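Q: Just run.cif, nothing more (mmCIF, C-alpha atoms):
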data_model
loop_
_atom_site.label_atom_id
_atom_site.label_comp_id
_atom_site.auth_asym_id
_atom_site.auth_seq_id
_atom_site.Cartn_x
_atom_site.Cartn_y
_atom_site.Cartn_z
CA MET R 1 74.85 -85.51 51.01
CA VAL R 2 73.01 -88.72 51.93
CA SER R 3 71.67 -90.69 48.98
CA LEU R 4 68.33 -92.47 49.11
CA THR R 5 68.77 -96.21 48.72
CA HIS R 6 65.37 -96.76 47.09
CA LEU R 7 66.07 -94.46 44.13
CA GLY R 8 67.77 -95.46 40.89
CA ALA R 9 70.13 -93.27 38.84
CA LYS R 10 67.18 -91.54 37.14
CA GLY R 11 65.17 -91.09 40.33
CA GLU R 12 62.91 -94.09 39.78
CA ALA R 13 61.76 -96.12 42.79
CA ASN R 14 63.51 -99.49 43.23
CA MET R 15 63.64 -102.21 45.82
CA VAL R 16 67.08 -102.30 47.43
CA ASP R 17 69.19 -105.39 46.65
CA VAL R 18 70.12 -106.86 50.03
CA GLY R 19 71.55 -110.09 48.59
CA ASP R 20 75.15 -109.35 49.53
CA LYS R 21 74.42 -108.02 53.01
CA ALA R 22 75.33 -110.03 56.08
CA GLU R 23 72.60 -111.62 58.16
CA THR R 24 72.54 -110.04 61.60
CA THR R 25 70.03 -109.80 64.39
CA ARG R 26 68.16 -106.53 63.96
CA THR R 27 65.69 -105.00 66.39
CA ALA R 28 63.55 -101.88 66.16
CA VAL R 29 61.26 -100.20 68.67
CA ALA R 30 58.61 -97.65 67.67
CA GLU R 31 56.02 -95.75 69.64
CA GLY R 32 52.81 -93.83 69.15
CA PHE R 33 50.20 -92.11 71.30
CA VAL R 34 46.42 -91.86 71.28
CA SER R 35 45.10 -88.86 73.21
CA MET R 36 41.47 -88.93 74.32
CA GLN R 37 38.97 -87.62 76.84
CA PRO R 38 39.61 -88.89 80.40
CA GLU R 39 36.23 -90.66 80.33
CA THR R 40 37.22 -92.54 77.16
CA LEU R 41 40.46 -93.71 78.75
CA GLU R 42 38.59 -94.92 81.83
CA MET R 43 36.04 -96.74 79.63
CA ILE R 44 38.85 -98.53 77.77
CA LEU R 45 40.73 -99.45 80.94
CA ALA R 46 37.52 -100.75 82.54
CA GLY R 47 36.84 -102.94 79.50
CA ASP R 48 33.51 -101.23 78.84
CA ALA R 49 33.92 -100.31 75.15
CA LYS R 50 30.96 -101.43 73.02
CA LYS R 51 33.25 -103.18 70.51
CA GLY R 52 34.99 -105.21 73.21
CA ASP R 53 38.58 -105.53 74.44
CA VAL R 54 40.27 -102.44 72.98
CA LEU R 55 43.76 -103.13 74.32
CA GLY R 56 43.84 -106.83 73.41
CA THR R 57 42.46 -106.20 69.94
CA ALA R 58 44.92 -103.34 69.29
CA ARG R 59 47.83 -105.52 70.45
CA ILE R 60 46.89 -108.33 68.06
CA ALA R 61 46.23 -105.86 65.22
CA GLY R 62 49.72 -104.39 65.68
CA ILE R 63 51.35 -107.82 65.58
CA MET R 64 49.39 -108.80 62.47
CA ALA R 65 50.30 -105.49 60.79
CA ALA R 66 54.03 -106.00 61.40
CA LYS R 67 53.80 -109.36 59.62
CA LYS R 68 52.10 -107.72 56.61
CA THR R 69 54.29 -104.62 56.31
CA HIS R 70 55.74 -105.74 52.97
CA GLU R 71 52.18 -105.91 51.59
CA LEU R 72 51.44 -102.32 52.66
CA ILE R 73 54.72 -100.47 51.99
CA PRO R 74 55.65 -101.06 48.33
CA LEU R 75 59.45 -101.32 48.60
CA CYS R 76 59.73 -103.26 51.87
CA HIS R 77 61.16 -106.77 51.78
CA PRO R 78 59.11 -109.64 53.20
CA LEU R 79 60.79 -110.68 56.46
CA LEU R 80 60.72 -113.78 58.60
CA LEU R 81 60.16 -111.94 61.85
CA THR R 82 61.44 -113.73 64.95
CA LYS R 83 59.55 -111.52 67.42
CA VAL R 84 56.87 -108.86 67.45
CA ALA R 85 55.58 -107.41 70.71
CA VAL R 86 53.10 -104.59 71.24
CA GLU R 87 52.64 -103.00 74.65
CA ILE R 88 49.89 -100.51 75.44
CA GLU R 89 50.05 -98.45 78.62
CA PRO R 90 47.77 -95.76 80.00
CA ASP R 91 49.27 -92.28 80.16
CA HIS R 92 47.02 -90.20 82.38
CA SER R 93 49.02 -87.04 81.57
CA LEU R 94 47.75 -87.10 77.94
CA PRO R 95 45.20 -88.46 78.85
CA GLY R 96 45.40 -91.50 76.61
CA LEU R 97 47.43 -94.54 75.69
CA LYS R 98 51.08 -95.05 74.78
CA VAL R 99 51.76 -97.83 72.27
CA THR R 100 55.24 -99.38 72.04
CA ALA R 101 56.04 -101.94 69.33
CA LEU R 102 59.15 -104.09 69.06
CA ALA R 103 60.11 -106.07 65.95
CA ARG R 104 63.10 -108.42 65.61
CA VAL R 105 64.58 -110.43 62.75
CA THR R 106 67.77 -112.23 61.91
CA GLY R 107 68.23 -111.16 58.33
CA LYS R 108 69.74 -108.88 55.73
CA THR R 109 67.55 -105.82 56.23
CA GLY R 110 66.15 -103.88 59.15
CA VAL R 111 62.77 -104.01 60.84
CA GLU R 112 62.11 -100.31 61.42
CA MET R 113 59.12 -100.30 59.08
CA GLU R 114 57.62 -103.35 60.78
CA ALA R 115 57.86 -101.71 64.22
CA LEU R 116 56.43 -98.43 62.88
CA THR R 117 53.60 -100.25 61.12
CA ALA R 118 52.77 -102.22 64.27
CA ALA R 119 52.62 -99.06 66.39
CA SER R 120 50.57 -97.18 63.78
CA VAL R 121 47.99 -99.92 63.28
CA ALA R 122 47.65 -100.50 67.02
CA CYS R 123 46.90 -96.76 67.42
CA LEU R 124 44.41 -96.88 64.54
CA THR R 125 42.70 -99.88 66.10
CA ILE R 126 42.34 -98.07 69.42
CA TYR R 127 40.72 -95.19 67.53
CA ASP R 128 38.40 -97.53 65.63
CA MET R 129 37.26 -99.37 68.72
CA ALA R 130 36.57 -96.25 70.79
CA LYS R 131 35.45 -93.74 68.15
CA ALA R 132 31.78 -94.16 69.07
CA ALA R 133 32.60 -92.66 72.47
CA ASP R 134 35.20 -90.07 71.36
CA ARG R 135 35.68 -89.02 67.72
CA GLY R 136 38.10 -86.31 68.86
CA MET R 137 40.89 -88.74 69.72
CA VAL R 138 44.27 -87.76 68.28
CA ILE R 139 46.99 -90.14 67.11
CA SER R 140 50.42 -88.55 67.42
CA GLY R 141 54.11 -89.07 67.97
CA VAL R 142 54.53 -92.19 65.86
CA ARG R 143 58.30 -92.54 65.58
CA LEU R 144 61.27 -94.86 65.67
CA VAL R 145 62.61 -94.94 69.22
CA GLU R 146 65.61 -97.17 68.60
CA LYS R 147 67.14 -99.74 66.31
CA THR R 148 70.06 -102.11 66.61
CA GLY R 149 72.00 -104.22 64.14
CA GLY R 150 72.88 -103.87 60.51
CA LYS R 151 75.53 -101.97 58.58
CA SER R 152 74.31 -98.50 59.61
CA GLY R 153 74.70 -99.38 63.28
CA ASP R 154 72.55 -98.52 66.25
CA TYR R 155 70.17 -95.59 66.60
CA LYS R 156 68.46 -94.16 69.67
CA ALA R 157 66.08 -91.20 69.42
CA GLY R 158 67.34 -88.12 71.17
CA SER R 159 70.97 -89.19 71.33
#
Let me see the file written as C-alpha cells.

A:
Amino acid sequence: MVSLTHLGAKGEANMVDVGDKAETTRTAVAEGFVSMQPETLEMILAGDAKKGDVLGTARIAGIMAAKKTHELIPLCHPLLLTKVAVEIEPDHSLPGLKVTALARVTGKTGVEMEALTAASVACLTIYDMAKAADRGMVISGVRLVEKTGGKSGDYKAGS
C-alpha cells in the first residue's frame, strides 16, 4: 500500500521535509481543455473578444499562477522556478482550446503542482475572458502529462 507523504502518524496534514533530498532538475507538463461553441473559438482566434487578447492574457495568467502555487495549495513548497511556459492551441475537433503548461526547477521537490496550477488558471482565464459570449464553455481534462527528475523517477501519462 502506498503511503501519503503529507500525512503524519495520526493522519494530520504536514508539509513534507525535503531537506535531505538531492537537488535535481525536475520538469512537469500538464494540460487542460476549454470546449466552446465554434463561434466563440473563432472570436477568440480573431482577437475580437470584448475583454481583449484572450490567448495572451491566459498565457500570462498561467505563468503567474505557477509562481504562486505555494500560496494557493497549502502544503506546497515555494520554489525558485527556472522556467514556466504556457502554450494555447486551437482544437477544432472540440471545438475549443488546448492548454499545455511546462514548469521546471532545479531543486529538492517536484513541479507537478506548478504545471497543473498553470494549466488550470490559464483555462479559467479563457473562460473568464469569453464568458460574455459563451457561458456554456466546459473546462476538462486537466491532468499531469509527464514529469521527469526526482527520486520517484519519470512519469508519462498512458505508459

Q: Let me know the residues the PyMOL selection byres ((chain R and resi 99-103) around 9) catches in the file above, as a PyMOL selection string.

A: chain R and resi 26-34+59+62-63+66+81-90+97-98+104-105+111-112+114-120+122-123+142

Q: Can you turn the PyMOL selection byres ((chain R and resi 149) around 6) into a concrete residue list for this file, as a short mmCIF file (atom, residue, chain, number, x, y, z; two decimals) with C-alpha atoms, in the frame of the given file?

A:
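Writing done, so here's expr-v7.cif:
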data_model
loop_
_atom_site.label_atom_id
_atom_site.label_comp_id
_atom_site.auth_asym_id
_atom_site.auth_seq_id
_atom_site.Cartn_x
_atom_site.Cartn_y
_atom_site.Cartn_z
CA THR R 25 70.03 -109.80 64.39
CA ARG R 26 68.16 -106.53 63.96
CA THR R 148 70.06 -102.11 66.61
CA GLY R 150 72.88 -103.87 60.51
CA GLY R 153 74.70 -99.38 63.28
#

Q: Find the spatial neighbours of Tyr155 of chain R, counting all atoms listed in the file, within a cut-off of 10 Å - ignore same-chain residues fewer than 3 positions away - and output them as a list in words.

A: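 Listed by chain and then number, they are Ala28, Leu144, Val145, Glu146, Lys147, Thr148, Gly149, Ser152, Gly158 and Ser159 of chain R.
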
Q: Given only C-alpha atoms as the basis, pick out the residue of R:Gly110, R:Pro95, R:Pro78, R:Gly136 nearest to Glu23 of chain R.

A: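 Once distances to Glu23 of chain R are computed over only C-alpha atoms, the minimum belongs to R:Gly110.
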
Q: As a check of understanding, name the residues that the PyMOL selection byres ((chain R and resi 75) around 10) selects in the supplied structure, as a PyMOL selection string.

A: chain R and resi 6+13-16+69-74+76-78

Q: What does the distance between atom CA of Lys68 of chain R and atom CA of Thr24 of chain R come to in Å, to one decimal place?

A: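 Going from atom CA of Lys68 of chain R over to atom CA of Thr24 of chain R, I get 21.2 Å.
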
Q: Please report the interatomic distance between atom CA of Met129 of chain R and atom CA of Lys51 of chain R in Å with one decimal.

A: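 Atom CA of Met129 of chain R sits 5.8 Å away from atom CA of Lys51 of chain R.
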
Q: Atom CA of Ala133 of chain R and atom CA of Ala49 of chain R, how far apart in Å?

A: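 Going from atom CA of Ala49 of chain R over to atom CA of Ala133 of chain R covers 8.2 Å.
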